[in-house]
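Trainee: Handing you a structure now.
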Amino acid sequence: MSTVILADNLTRRFGDFTAVDHVSFEAQTGEVLGYLGPNGSGKTTTIRMLLGLIRPTEGRAEVMGFDVQHDTERLRRQCGYMSQKFALYDELTVWENLTFYAGVYGVNERARLNETLKWVGLVGQEKTRTTALSSGWRQRLALAIAFIHRPRLLFLDEPTSGVDPTARRMFWDLIYALAEEGVTVLVTTHYMDEAEYCGRVGIMRAGKLLAMDTPSNLKAKALPGRAWDVFAEPLLKSLAVLEATPGVTRAGLSGDHLRAITLPGVDVNALHAALGAAGVTVAAVDAVEPSLEDVFLALAG
Amino acid sequence: MDMIEAKHLSRAFGKAHRPWAKQSPDALRAVDDVSLRVAAGEIYGLVGPDGAGKTTFIRLLCNAIRADAGEATIAGYSAARQPELARAQIGYLSQRFSLYEELTVLENLRFFAEVRGLPAQEWKPRCHEILAFVGLDEFGSRRAKLLSGGMKQKLGLAAALVHRPRVLLLDEPTTGVDPLTRQDFWQLIIRLVSDAEHGVAVLVSTPYMDEASRCGRIGLLHHGHLLTEGTPTQLRATLQGRVLELAGTPLRALRRIAEQDVGVEDVQMFGDRLHLRVKPGAGDDVISRLRAPAAPLQVTRLRSVPPQLEDVFIALTAEVAAMPTTEGK
């Protein structure tokens with residue numbers, strides 16, 4: 001294994017606004033690394049710096065051994081990019097879209113195009129207009145295009161937003177196969193469902209990288225205390241009670257129950273007591289494993 | 001009382017048979033014999049993939065398109081035979097809602113209030129009330145184009161609610177919206193139904209399982225059919241004891257071994273772990289077989305975990321895919 005991305009105190013300011021604030025991390029060959037954050041948290045600015053599209057104000061980055069400020073041409077030839085909003089030409093066929101973008105990358109061997117189409121499972125659909133494809137299949141075509149020049153590093157921006165779990169899973173199996181062959185993948189996303197598919201996940205807020213670890217470790221370690229599902233009626237009154245209970249760091253509505261995050265030391269009896277004293281009817285207080293969303297809201301909320 | 005009632009609702013479209021295309025194999029029927037009820041105070045999640053028929057179903061409820069068979073009623077009014085009365089009870093929001101970018105927040109709301117027939121003396125207090133509810137009361141004079149994405153979405157919700165509908169239809173309302181905004185949005189929706197005084201019924205379509213888990217009841221729509229219905233807890237319980245979590249190294253090699261185990265029905269890979277769906281009652285046997293693989297493979301964690309809705313969705317749609325009656329598979 002070797003280091004594919006090295007970001008060292010990477011910082012970018014736009015006037016008084018610090019879009020990316022001293023971000024440091026590394027990604028190794030074959031790693032699938034997620035980057036999770038709300039709009040404007042600095043995800044895209046980080047990627048633009050890693051691709052050498054904008055210069056860091058401070059700090060430095062190396063991608064595949066190339067300095068992002070000086071070797072940008074050679075660097076970008078080794079990178080692929082795919083976005084949920086990737087512009088496929090709707091009126092063109094699958095084959096026409098593929099050959100058009102292959103031409104842009106200077107790829108014209110027919111064997112390569114066929115191999116790529118076969119990899120994503122679109123053989124037989126060459127003459128289908130892309131407008132007729134469902135979103136899961138469009139995403140696979142977009143992935144084929146992003147990988148047509150065999151990049152060593154793939155950037156994916158919300159690659160599977162809006163698709164169902166089955167289609168998402170098929171897409172990720174393609175990504176895992178690439179990673180197994182040594183392609184490194186950096187995924188930026190809003191979606192917890194998507195972040196779960198990454199080997200490690202970084203959480204961004206206001207330009208800062210707040211945490212970066214495996215999803216399991218984030219859930220086990222990044223919360224201050226514990227997560228609870230609280231079933232109590234009336235719901236809104238119970239919410240108000242929890243919000244006012246010492247040691248409850250966050251309480252929210254979650255369908256037919258409440259989700260609460262508490263500091264260590266707050267136990268089931270303390271929650272029962274607080275709710276009972278306020279006169280609400282408590283059906284159950286269950287300790288639950290925190291979700292990635294709990295972690296995200298605790299860190300970035 | 002049931003605010004939304006669909007009885008055997010069906011709608012077909014005349015499209016060619018193309019299994020890889022947006023339309024499913026039996027896509028000629030976009031919505032096929034769907035019956036469901038949503039009571040006041042309830043959030044019903046219509047969950048399904050792209051092309052499952054979610055949007056068509058919602059359009060049938062609004063009578064924006066006509067049903068081939070079956071009937072929909074909204075707060076007791078027939079969607080097809082009393083469309084004006086039914087529509088007056090509906091608030092509707094999709095991810096494609098449009099605002100007048102050059103108008104202020106209040107002007108936008110006034111427009112929707114007047115379109116919805118609110119009397120002149122009533123629109124202003126109602127607009128302020130609904131803006132306060134969505135948390136935009138300080139922004140009444142801001143032009144819509146200067147709002148953030150999350151604020152625009154809240155304004156969209158305010159516009160959908162301005163005429164006090166008793167039924168709120170949300171068609172993938174948070175697609176493309178960031179997680180903090182989604183969290184805020186859902187807090188508002190749950191507040192809306194939890195307030196007994198207003199008794200709103202909400203039907204929301206979504207492809208996201210984390211969103212589905214916030215609904216009181218869920219219906220799983222697949223190829224136009226309602227496959228199953230229940231509370232998130234009930235649906236998860238259908239796989240109780242059948243989902244194992246396995247972590248270890250190297251994960252990809254462990255996956256191949258797990259896939260060959262006789263007790264394992266399905267293996268799903270995540271970034272740092274596997275989820276195994278095992279045959280009923282096979283959990284302990286699978287754990288004992290997979291716990292100690294030959295070196296250099298190593299299992300660091302293998303245990304039964306609470307099933308997630310995503311596991312349920314995949315299990316159910318796999319059953320359907322395996323059914324011989326599903327043509328073209």
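Labeling convention for the structure tokens: chains A, B, ... as they appear, residues from 1 per chain, ligands from 1 in order of appearance.
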Just list the residues in region 218-258 of chain B DSSP gives helix (DSSP H, G or I) on the backbone, as number ranges by chain.

Mentor: B: 232-237, 251-258

Trainee: Hey, could you make a per-residue contact list for chain A against chain B with 7 Å as the cut-off, showing the nearest pair of atoms and its distance in Å to one decimal, counting only C-alpha atoms, sorted by chain and number, as a Markdown table?

Mentor:
| residue | atom | partner | partner_atom | distance |
| --- | --- | --- | --- | --- |
| A:Pro38 | CA | B:Asp178 | CA | 5.2 |
| A:Asn39 | CA | B:Asp178 | CA | 6.2 |
| A:Ala132 | CA | B:Ala21 | CA | 5.4 |
| A:Leu133 | CA | B:Ala21 | CA | 4.7 |
| A:Ser134 | CA | B:Lys22 | CA | 4.3 |
| A:Ser135 | CA | B:Asp50 | CA | 6.8 |
| A:Gly162 | CA | B:Pro207 | CA | 6.2 |
| A:Val163 | CA | B:Pro49 | CA | 6.1 |
| A:Asp164 | CA | B:Pro49 | CA | 4.5 |
| A:Pro165 | CA | B:Glu310 | CA | 6.5 |
| A:Thr166 | CA | B:Ile314 | CA | 6.1 |
| A:His190 | CA | B:Asp178 | CA | 5.4 |
| A:Tyr191 | CA | B:Pro179 | CA | 7.0 |
| A:Glu196 | CA | B:Gly271 | CA | 6.1 |
| A:Tyr197 | CA | B:Gly271 | CA | 4.1 |
| A:Cys198 | CA | B:Gly271 | CA | 4.0 |
| A:Gly199 | CA | B:Gly271 | CA | 3.9 |
| A:Thr214 | CA | B:Asp272 | CA | 6.4 |
| A:Pro215 | CA | B:Asp272 | CA | 7.0 |
| A:Leu235 | CA | B:Ser194 | CA | 6.8 |
| A:Leu236 | CA | B:Ser194 | CA | 6.8 |
| A:Leu253 | CA | B:Gln187 | CA | 5.9 |
| A:Ser254 | CA | B:Arg214 | CA | 4.9 |
| A:Gly255 | CA | B:Arg214 | CA | 3.8 |
| A:Asp256 | CA | B:Gly216 | CA | 5.4 |
| A:Gly301 | CA | B:Leu180 | CA | 6.6 |

Trainee: Considering only C-alpha atoms, return as a VMD selection string whatever protein or nucleic-acid residues lie within 6 Å of region 26-35 of chain A, sequence-local ones (same chain, fewer than 4 positions apart) excluded.

Mentor: chain A and resid 1 to 6 179 182 to 188 195 198 to 202

Trainee: Report the distance between CA of Met1 (chain B) and CA of Val230 (chain A) in Å, rounded to one decimal place.

Mentor: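 Between CA of Met1 (chain B) and CA of Val230 (chain A) the gap works out to 26.4 Å.
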
Trainee: Restricting the calculation to only C-alpha atoms: of B:Ala159, B:Ala113, B:Lys152, B:Val105, which residue gets closest to Asp137 (chain B)?

Mentor: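 For Asp137 (chain B), the nearest of the candidates is B:Val105.
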
Trainee: Taking 2 positions as the minimum chain separation for residues in the same chain, which residues sit within 12 Å of Pro296 (chain B) when counting only C-alpha atoms? Answer as a ChimeraX atom specification.

Mentor: /B:248-251,253-254,292-294,298-299
